[in-house]
Amino acid sequence: MPKTEKQILDITDQLKGQVIKEVIYYLEPEYVDLKETRSKIGDTLYDGVDLVTNSGIYSIGNRFKINEGLDIKIGSTKNIELLNSDKKPISVSFESENNEILEASLYWQKSFWENNENWYPQDLVVKTVKGLLVFSSLEIMDDKPYISPSDELFVTSDMETITEFELGDFGKGKLFKSAEEIKNEL
């Protein structure tokens with residue numbers, strides 16, 4: 001069992017009670033207007049994002065070449081991923097800003113790769129009094145789910161999309177409280 005599963009669960013648990021200050025995307029200068037990133041259902045990104053709280057910075061991304069699914073680390077994405085030098089940090093607004101995180105849940109799915117029985121982190125659901133903010137290892141094509149896990153990061157707070165795409169509480173993922181629970185499912 002890779003120690004990263006325990007680390008990801010521990011970091012997810014740390015988010016509860018923190019206040020979201022901002023969400024930062026890393027974009028090329030020609031995309032800072034979000035026209036290529038944002039759609040009516042959410043945002044699709046190729047690099048990780050920073051969730052900035054009153055207690056620190058958390059990088060959430062799909063480091064697909066390292067492991068399947070979401071990866072959550074303490075620290076800024078610019079120090080964790082190899083970003084192109086022209087990428088700029090852009091603060092993106094969500095209703096959940098300046099609100100306390102009431103709950104942070106990580107939903108896992110079984111790998112679809114042949115001969116791989118492992119579980120991977122699919123959706124991080126952050127709940128505040130203003131609603132949900134979901135980070136998902138879901139690739140979107142033509143405003144529809146395409147493939148999961150992917151090397152893209154999908155971010156949404158739109159409840160219709162969350163339920164239609166079966167993300168988090170509404171999905172097929174499983175909620176584990178410990179790395180031991182994941183191990184027992186293998």
# chains A, B, ... in the order shown; residues from 1 in each chain; ligands from 1

call {"tool": "residues_around", "arguments": {"residues": "range 94-101 of chain A", "least_positions_apart": "2", "cutoff": "10 Å", "atoms": "only C-alpha atoms", "output": "PyMOL selection string"}}
result
chain A and resi 15-23+52-54+91-92+103-104+126-133+156-157

call {"tool": "write_last_selection", "arguments": {"atoms": "N, CA and C atoms", "output": "PDB file, in the first residue's frame"}}
result
ATOM      1  N   LEU A  15      -8.343  19.692   6.051  1.00  0.00           N
ATOM      2  CA  LEU A  15      -9.077  20.816   5.458  1.00  0.00           C
ATOM      3  C   LEU A  15     -10.280  21.244   6.298  1.00  0.00           C
ATOM      4  N   LYS A  16     -10.896  20.310   7.004  1.00  0.00           N
ATOM      5  CA  LYS A  16     -12.091  20.628   7.795  1.00  0.00           C
ATOM      6  C   LYS A  16     -11.780  21.711   8.821  1.00  0.00           C
ATOM      7  N   GLY A  17     -12.638  22.726   8.855  1.00  0.00           N
ATOM      8  CA  GLY A  17     -12.488  23.819   9.798  1.00  0.00           C
ATOM      9  C   GLY A  17     -11.685  24.998   9.266  1.00  0.00           C
ATOM     10  N   GLN A  18     -10.984  24.807   8.158  1.00  0.00           N
ATOM     11  CA  GLN A  18     -10.228  25.909   7.577  1.00  0.00           C
ATOM     12  C   GLN A  18     -11.159  26.804   6.751  1.00  0.00           C
ATOM     13  N   VAL A  19     -10.717  28.024   6.527  1.00  0.00           N
ATOM     14  CA  VAL A  19     -11.494  28.989   5.740  1.00  0.00           C
ATOM     15  C   VAL A  19     -10.847  29.134   4.367  1.00  0.00           C
ATOM     16  N   ILE A  20     -11.655  28.967   3.322  1.00  0.00           N
ATOM     17  CA  ILE A  20     -11.145  29.122   1.958  1.00  0.00           C
ATOM     18  C   ILE A  20     -10.899  30.599   1.692  1.00  0.00           C
ATOM     19  N   LYS A  21      -9.687  30.929   1.326  1.00  0.00           N
ATOM     20  CA  LYS A  21      -9.334  32.310   0.996  1.00  0.00           C
ATOM     21  C   LYS A  21      -9.390  32.547  -0.516  1.00  0.00           C
ATOM     22  N   GLU A  22      -8.859  31.602  -1.294  1.00  0.00           N
ATOM     23  CA  GLU A  22      -8.941  31.717  -2.751  1.00  0.00           C
ATOM     24  C   GLU A  22      -8.569  30.395  -3.409  1.00  0.00           C
ATOM     25  N   VAL A  23      -8.918  30.299  -4.679  1.00  0.00           N
ATOM     26  CA  VAL A  23      -8.522  29.182  -5.528  1.00  0.00           C
ATOM     27  C   VAL A  23      -7.694  29.790  -6.655  1.00  0.00           C
ATOM     28  N   VAL A  52      -6.192  27.877  -1.355  1.00  0.00           N
ATOM     29  CA  VAL A  52      -5.545  28.681  -0.320  1.00  0.00           C
ATOM     30  C   VAL A  52      -6.533  28.853   0.830  1.00  0.00           C
ATOM     31  N   THR A  53      -6.086  28.474   2.026  1.00  0.00           N
ATOM     32  CA  THR A  53      -6.932  28.604   3.208  1.00  0.00           C
ATOM     33  C   THR A  53      -6.250  29.509   4.223  1.00  0.00           C
ATOM     34  N   ASN A  54      -6.930  29.750   5.325  1.00  0.00           N
ATOM     35  CA  ASN A  54      -6.345  30.559   6.390  1.00  0.00           C
ATOM     36  C   ASN A  54      -5.169  29.849   7.052  1.00  0.00           C
ATOM     37  N   SER A  91      -6.316  34.126  -9.702  1.00  0.00           N
ATOM     38  CA  SER A  91      -7.283  33.878  -8.641  1.00  0.00           C
ATOM     39  C   SER A  91      -8.675  33.756  -9.261  1.00  0.00           C
ATOM     40  N   VAL A  92      -9.370  32.664  -8.930  1.00  0.00           N
ATOM     41  CA  VAL A  92     -10.675  32.379  -9.505  1.00  0.00           C
ATOM     42  C   VAL A  92     -11.713  32.409  -8.388  1.00  0.00           C
ATOM     43  N   GLU A 103     -16.856  20.250   5.750  1.00  0.00           N
ATOM     44  CA  GLU A 103     -16.515  18.855   5.510  1.00  0.00           C
ATOM     45  C   GLU A 103     -15.682  18.764   4.242  1.00  0.00           C
ATOM     46  N   ALA A 104     -14.702  17.880   4.248  1.00  0.00           N
ATOM     47  CA  ALA A 104     -13.911  17.586   3.057  1.00  0.00           C
ATOM     48  C   ALA A 104     -13.906  16.066   2.910  1.00  0.00           C
ATOM     49  N   VAL A 126     -15.499  19.548  -1.257  1.00  0.00           N
ATOM     50  CA  VAL A 126     -15.325  20.502  -0.173  1.00  0.00           C
ATOM     51  C   VAL A 126     -16.676  21.165   0.061  1.00  0.00           C
ATOM     52  N   LYS A 127     -17.193  21.004   1.278  1.00  0.00           N
ATOM     53  CA  LYS A 127     -18.525  21.532   1.616  1.00  0.00           C
ATOM     54  C   LYS A 127     -18.388  22.734   2.541  1.00  0.00           C
ATOM     55  N   THR A 128     -19.038  23.840   2.137  1.00  0.00           N
ATOM     56  CA  THR A 128     -19.127  25.036   2.976  1.00  0.00           C
ATOM     57  C   THR A 128     -20.605  25.385   3.129  1.00  0.00           C
ATOM     58  N   VAL A 129     -20.907  26.399   3.926  1.00  0.00           N
ATOM     59  CA  VAL A 129     -22.303  26.817   4.061  1.00  0.00           C
ATOM     60  C   VAL A 129     -22.867  27.346   2.747  1.00  0.00           C
ATOM     61  N   LYS A 130     -22.001  27.759   1.837  1.00  0.00           N
ATOM     62  CA  LYS A 130     -22.416  28.287   0.531  1.00  0.00           C
ATOM     63  C   LYS A 130     -22.589  27.197  -0.522  1.00  0.00           C
ATOM     64  N   GLY A 131     -22.256  25.949  -0.189  1.00  0.00           N
ATOM     65  CA  GLY A 131     -22.417  24.877  -1.164  1.00  0.00           C
ATOM     66  C   GLY A 131     -21.165  24.035  -1.304  1.00  0.00           C
ATOM     67  N   LEU A 132     -21.094  23.307  -2.419  1.00  0.00           N
ATOM     68  CA  LEU A 132     -19.994  22.381  -2.668  1.00  0.00           C
ATOM     69  C   LEU A 132     -19.008  22.947  -3.689  1.00  0.00           C
ATOM     70  N   LEU A 133     -17.763  22.559  -3.523  1.00  0.00           N
ATOM     71  CA  LEU A 133     -16.724  22.821  -4.505  1.00  0.00           C
ATOM     72  C   LEU A 133     -16.073  21.465  -4.749  1.00  0.00           C
ATOM     73  N   THR A 156     -15.817  22.240 -10.283  1.00  0.00           N
ATOM     74  CA  THR A 156     -17.164  22.782 -10.421  1.00  0.00           C
ATOM     75  C   THR A 156     -17.798  23.020  -9.056  1.00  0.00           C
ATOM     76  N   SER A 157     -18.720  23.966  -9.023  1.00  0.00           N
ATOM     77  CA  SER A 157     -19.560  24.190  -7.843  1.00  0.00           C
ATOM     78  C   SER A 157     -21.029  24.156  -8.254  1.00  0.00           C
TER      79      SER A 157
END

call {"tool": "residues_around", "arguments": {"residues": "Leu9 in chain A", "least_positions_apart": "3", "cutoff": "10 Å", "atoms": "only C-alpha atoms", "output": "JSON, numbers by chain"}}
result
{"A": [4, 5, 6, 12, 13, 14, 72, 104, 105, 106, 121, 176, 177, 178, 179]}

call {"tool": "write_last_selection", "arguments": {"atoms": "N, CA and C atoms", "output": "PDB file, in the first residue's frame"}}
result
ATOM      1  N   THR A   4       1.221   7.228  -0.045  1.00  0.00           N
ATOM      2  CA  THR A   4       0.521   8.404  -0.542  1.00  0.00           C
ATOM      3  C   THR A   4      -0.982   8.354  -0.243  1.00  0.00           C
ATOM      4  N   GLU A   5      -1.575   7.160  -0.179  1.00  0.00           N
ATOM      5  CA  GLU A   5      -3.003   7.066   0.131  1.00  0.00           C
ATOM      6  C   GLU A   5      -3.280   7.605   1.527  1.00  0.00           C
ATOM      7  N   LYS A   6      -2.461   7.210   2.493  1.00  0.00           N
ATOM      8  CA  LYS A   6      -2.618   7.718   3.852  1.00  0.00           C
ATOM      9  C   LYS A   6      -2.372   9.224   3.887  1.00  0.00           C
ATOM     10  N   THR A  12      -6.704  15.564   3.408  1.00  0.00           N
ATOM     11  CA  THR A  12      -8.142  15.830   3.247  1.00  0.00           C
ATOM     12  C   THR A  12      -8.775  16.126   4.599  1.00  0.00           C
ATOM     13  N   ASP A  13      -8.429  15.341   5.626  1.00  0.00           N
ATOM     14  CA  ASP A  13      -8.967  15.563   6.969  1.00  0.00           C
ATOM     15  C   ASP A  13      -8.553  16.923   7.531  1.00  0.00           C
ATOM     16  N   GLN A  14      -7.348  17.384   7.190  1.00  0.00           N
ATOM     17  CA  GLN A  14      -6.850  18.671   7.690  1.00  0.00           C
ATOM     18  C   GLN A  14      -7.675  19.857   7.186  1.00  0.00           C
ATOM     19  N   ILE A  72      -3.267  15.279  -3.746  1.00  0.00           N
ATOM     20  CA  ILE A  72      -3.415  16.453  -2.890  1.00  0.00           C
ATOM     21  C   ILE A  72      -2.156  16.551  -2.043  1.00  0.00           C
ATOM     22  N   ALA A 104     -14.702  17.880   4.248  1.00  0.00           N
ATOM     23  CA  ALA A 104     -13.911  17.586   3.057  1.00  0.00           C
ATOM     24  C   ALA A 104     -13.906  16.066   2.910  1.00  0.00           C
ATOM     25  N   SER A 105     -14.385  15.591   1.776  1.00  0.00           N
ATOM     26  CA  SER A 105     -14.518  14.150   1.555  1.00  0.00           C
ATOM     27  C   SER A 105     -13.825  13.768   0.262  1.00  0.00           C
ATOM     28  N   LEU A 106     -13.126  12.649   0.321  1.00  0.00           N
ATOM     29  CA  LEU A 106     -12.422  12.133  -0.842  1.00  0.00           C
ATOM     30  C   LEU A 106     -13.084  10.827  -1.265  1.00  0.00           C
ATOM     31  N   PRO A 121      -8.106   7.999  -5.942  1.00  0.00           N
ATOM     32  CA  PRO A 121      -8.935   9.132  -5.511  1.00  0.00           C
ATOM     33  C   PRO A 121      -9.534   9.847  -6.726  1.00  0.00           C
ATOM     34  N   PHE A 176     -13.652   6.335   1.859  1.00  0.00           N
ATOM     35  CA  PHE A 176     -12.830   5.590   2.812  1.00  0.00           C
ATOM     36  C   PHE A 176     -12.337   6.557   3.869  1.00  0.00           C
ATOM     37  N   LYS A 177     -12.293   6.099   5.097  1.00  0.00           N
ATOM     38  CA  LYS A 177     -11.801   6.931   6.191  1.00  0.00           C
ATOM     39  C   LYS A 177     -10.342   6.663   6.526  1.00  0.00           C
ATOM     40  N   SER A 178      -9.810   5.527   6.018  1.00  0.00           N
ATOM     41  CA  SER A 178      -8.413   5.216   6.321  1.00  0.00           C
ATOM     42  C   SER A 178      -7.801   4.402   5.184  1.00  0.00           C
ATOM     43  N   ALA A 179      -6.468   4.419   5.145  1.00  0.00           N
ATOM     44  CA  ALA A 179      -5.750   3.610   4.154  1.00  0.00           C
ATOM     45  C   ALA A 179      -5.988   2.130   4.411  1.00  0.00           C
TER      46      ALA A 179
END

call {"tool": "select_by_dssp", "arguments": {"residues": "range 63-184 of chain A", "states": "alpha helix (DSSP H)", "output": "JSON, numbers by chain"}}
result
{"A": [77, 78, 79, 80, 159, 160, 161, 162, 163, 164, 179, 180, 181, 182, 183, 184]}

call {"tool": "closest_residue", "arguments": {"among": "A:Asp43, A:Asp50, A:Glu81, A:Asp71", "to": "Asp158 in chain A", "atoms": "only C-alpha atoms"}}
result
A:Asp43

call {"tool": "select_by_dssp", "arguments": {"residues": "chain A", "states": "strand (DSSP E)", "output": "JSON, numbers by chain"}}
result
{"A": [20, 21, 22, 23, 24, 25, 26, 27, 43, 44, 45, 49, 50, 51, 52, 53, 57, 58, 59, 60, 61, 71, 72, 73, 74, 88, 89, 90, 91, 92, 103, 104, 105, 106, 107, 108, 109, 110, 119, 120, 121, 122, 123, 124, 125, 126, 127, 128, 131, 132, 133, 134, 135, 136, 139, 140, 141, 144, 145, 146, 147, 153, 154, 155, 156, 174, 175]}

call {"tool": "residues_around", "arguments": {"residues": "Ile90 in chain A", "least_positions_apart": "4", "cutoff": "8 Å", "atoms": "only C-alpha atoms", "output": "MDAnalysis selection string"}}
result
chainID A and resid 24:27 32

call {"tool": "write_last_selection", "arguments": {"atoms": "C-alpha atoms", "output": "PDB file, in the first residue's frame"}}
result
ATOM      1  CA  ILE A  24      -5.602  29.750  -7.909  1.00  0.00           C
ATOM      2  CA  TYR A  25      -5.314  28.375 -11.435  1.00  0.00           C
ATOM      3  CA  TYR A  26      -2.076  28.401 -13.445  1.00  0.00           C
ATOM      4  CA  LEU A  27      -2.764  29.513 -17.024  1.00  0.00           C
ATOM      5  CA  VAL A  32      -6.242  34.155 -18.300  1.00  0.00           C
TER       6      VAL A  32
END

call {"tool": "atom_distance", "arguments": {"atom1": "CA of Ile60 in chain A", "atom2": "CA of Lys144 in chain A"}}
result
21.8 Å

call {"tool": "residues_around", "arguments": {"residues": "range 171-175 of chain A", "least_positions_apart": "5", "cutoff": "10 Å", "atoms": "only C-alpha atoms", "output": "MDAnalysis selection string"}}
result
chainID A and resid 105:110 119:123 162:166 181:182

call {"tool": "closest_residue", "arguments": {"among": "A:Gly48, A:Gly168, A:Pro149, A:Gly42", "to": "Pro89 in chain A", "atoms": "only C-alpha atoms"}}
result
A:Gly48

call {"tool": "atom_distance", "arguments": {"atom1": "CA of Leu45 in chain A", "atom2": "CA of Lys87 in chain A"}}
result
12.3 Å

call {"tool": "residues_around", "arguments": {"residues": "Ile57 in chain A", "least_positions_apart": "3", "cutoff": "6 Å", "atoms": "only C-alpha atoms", "output": "list in words"}}
result
Leu51, Val52, Gly75 and Ser76 of chain A

call {"tool": "decode", "arguments": {"residues": "range 43-88 of chain A", "atoms": "C-alpha atoms", "output": "PDB file, in the first residue's frame"}}
result
ATOM      1  CA  ASP A  43     -13.592  24.488 -15.410  1.00  0.00           C
ATOM      2  CA  THR A  44     -11.230  22.049 -17.129  1.00  0.00           C
ATOM      3  CA  LEU A  45      -7.535  22.415 -16.372  1.00  0.00           C
ATOM      4  CA  TYR A  46      -4.322  20.708 -17.412  1.00  0.00           C
ATOM      5  CA  ASP A  47      -2.368  21.660 -14.301  1.00  0.00           C
ATOM      6  CA  GLY A  48      -3.073  21.509 -10.607  1.00  0.00           C
ATOM      7  CA  VAL A  49      -4.705  24.322  -8.674  1.00  0.00           C
ATOM      8  CA  ASP A  50      -3.999  25.888  -5.310  1.00  0.00           C
ATOM      9  CA  LEU A  51      -6.657  25.869  -2.623  1.00  0.00           C
ATOM     10  CA  VAL A  52      -5.545  28.681  -0.320  1.00  0.00           C
ATOM     11  CA  THR A  53      -6.932  28.604   3.208  1.00  0.00           C
ATOM     12  CA  ASN A  54      -6.345  30.559   6.390  1.00  0.00           C
ATOM     13  CA  SER A  55      -3.921  27.786   7.433  1.00  0.00           C
ATOM     14  CA  GLY A  56      -1.974  27.115   4.253  1.00  0.00           C
ATOM     15  CA  ILE A  57      -1.853  26.231   0.575  1.00  0.00           C
ATOM     16  CA  TYR A  58      -2.943  22.883  -0.832  1.00  0.00           C
ATOM     17  CA  SER A  59      -2.115  21.741  -4.350  1.00  0.00           C
ATOM     18  CA  ILE A  60      -4.837  19.635  -5.976  1.00  0.00           C
ATOM     19  CA  GLY A  61      -4.082  18.064  -9.311  1.00  0.00           C
ATOM     20  CA  ASN A  62      -3.811  15.008 -11.496  1.00  0.00           C
ATOM     21  CA  ARG A  63      -0.194  14.043 -11.587  1.00  0.00           C
ATOM     22  CA  PHE A  64      -1.192  11.189 -13.890  1.00  0.00           C
ATOM     23  CA  LYS A  65       2.327  10.089 -14.686  1.00  0.00           C
ATOM     24  CA  ILE A  66       2.925   9.457 -10.974  1.00  0.00           C
ATOM     25  CA  ASN A  67      -0.363   7.820 -10.000  1.00  0.00           C
ATOM     26  CA  GLU A  68      -3.986   7.578 -11.045  1.00  0.00           C
ATOM     27  CA  GLY A  69      -6.569  10.083  -9.922  1.00  0.00           C
ATOM     28  CA  LEU A  70      -6.297  13.146  -7.774  1.00  0.00           C
ATOM     29  CA  ASP A  71      -3.229  14.067  -5.825  1.00  0.00           C
ATOM     30  CA  ILE A  72      -3.415  16.453  -2.890  1.00  0.00           C
ATOM     31  CA  LYS A  73      -0.257  17.900  -1.385  1.00  0.00           C
ATOM     32  CA  ILE A  74       0.610  20.649   1.043  1.00  0.00           C
ATOM     33  CA  GLY A  75       2.264  23.521  -0.802  1.00  0.00           C
ATOM     34  CA  SER A  76       1.830  25.513  -3.976  1.00  0.00           C
ATOM     35  CA  THR A  77       1.377  23.786  -7.320  1.00  0.00           C
ATOM     36  CA  LYS A  78       4.205  25.910  -8.741  1.00  0.00           C
ATOM     37  CA  ASN A  79       6.566  24.096  -6.329  1.00  0.00           C
ATOM     38  CA  ILE A  80       5.088  20.632  -6.931  1.00  0.00           C
ATOM     39  CA  GLU A  81       4.408  20.422 -10.671  1.00  0.00           C
ATOM     40  CA  LEU A  82       6.709  21.316 -13.515  1.00  0.00           C
ATOM     41  CA  LEU A  83       4.767  24.275 -14.901  1.00  0.00           C
ATOM     42  CA  ASN A  84       5.677  26.089 -18.090  1.00  0.00           C
ATOM     43  CA  SER A  85       7.463  29.318 -17.213  1.00  0.00           C
ATOM     44  CA  ASP A  86       4.821  31.409 -18.996  1.00  0.00           C
ATOM     45  CA  LYS A  87       1.970  30.143 -16.767  1.00  0.00           C
ATOM     46  CA  LYS A  88       0.514  32.835 -14.546  1.00  0.00           C
TER      47      LYS A  88
END
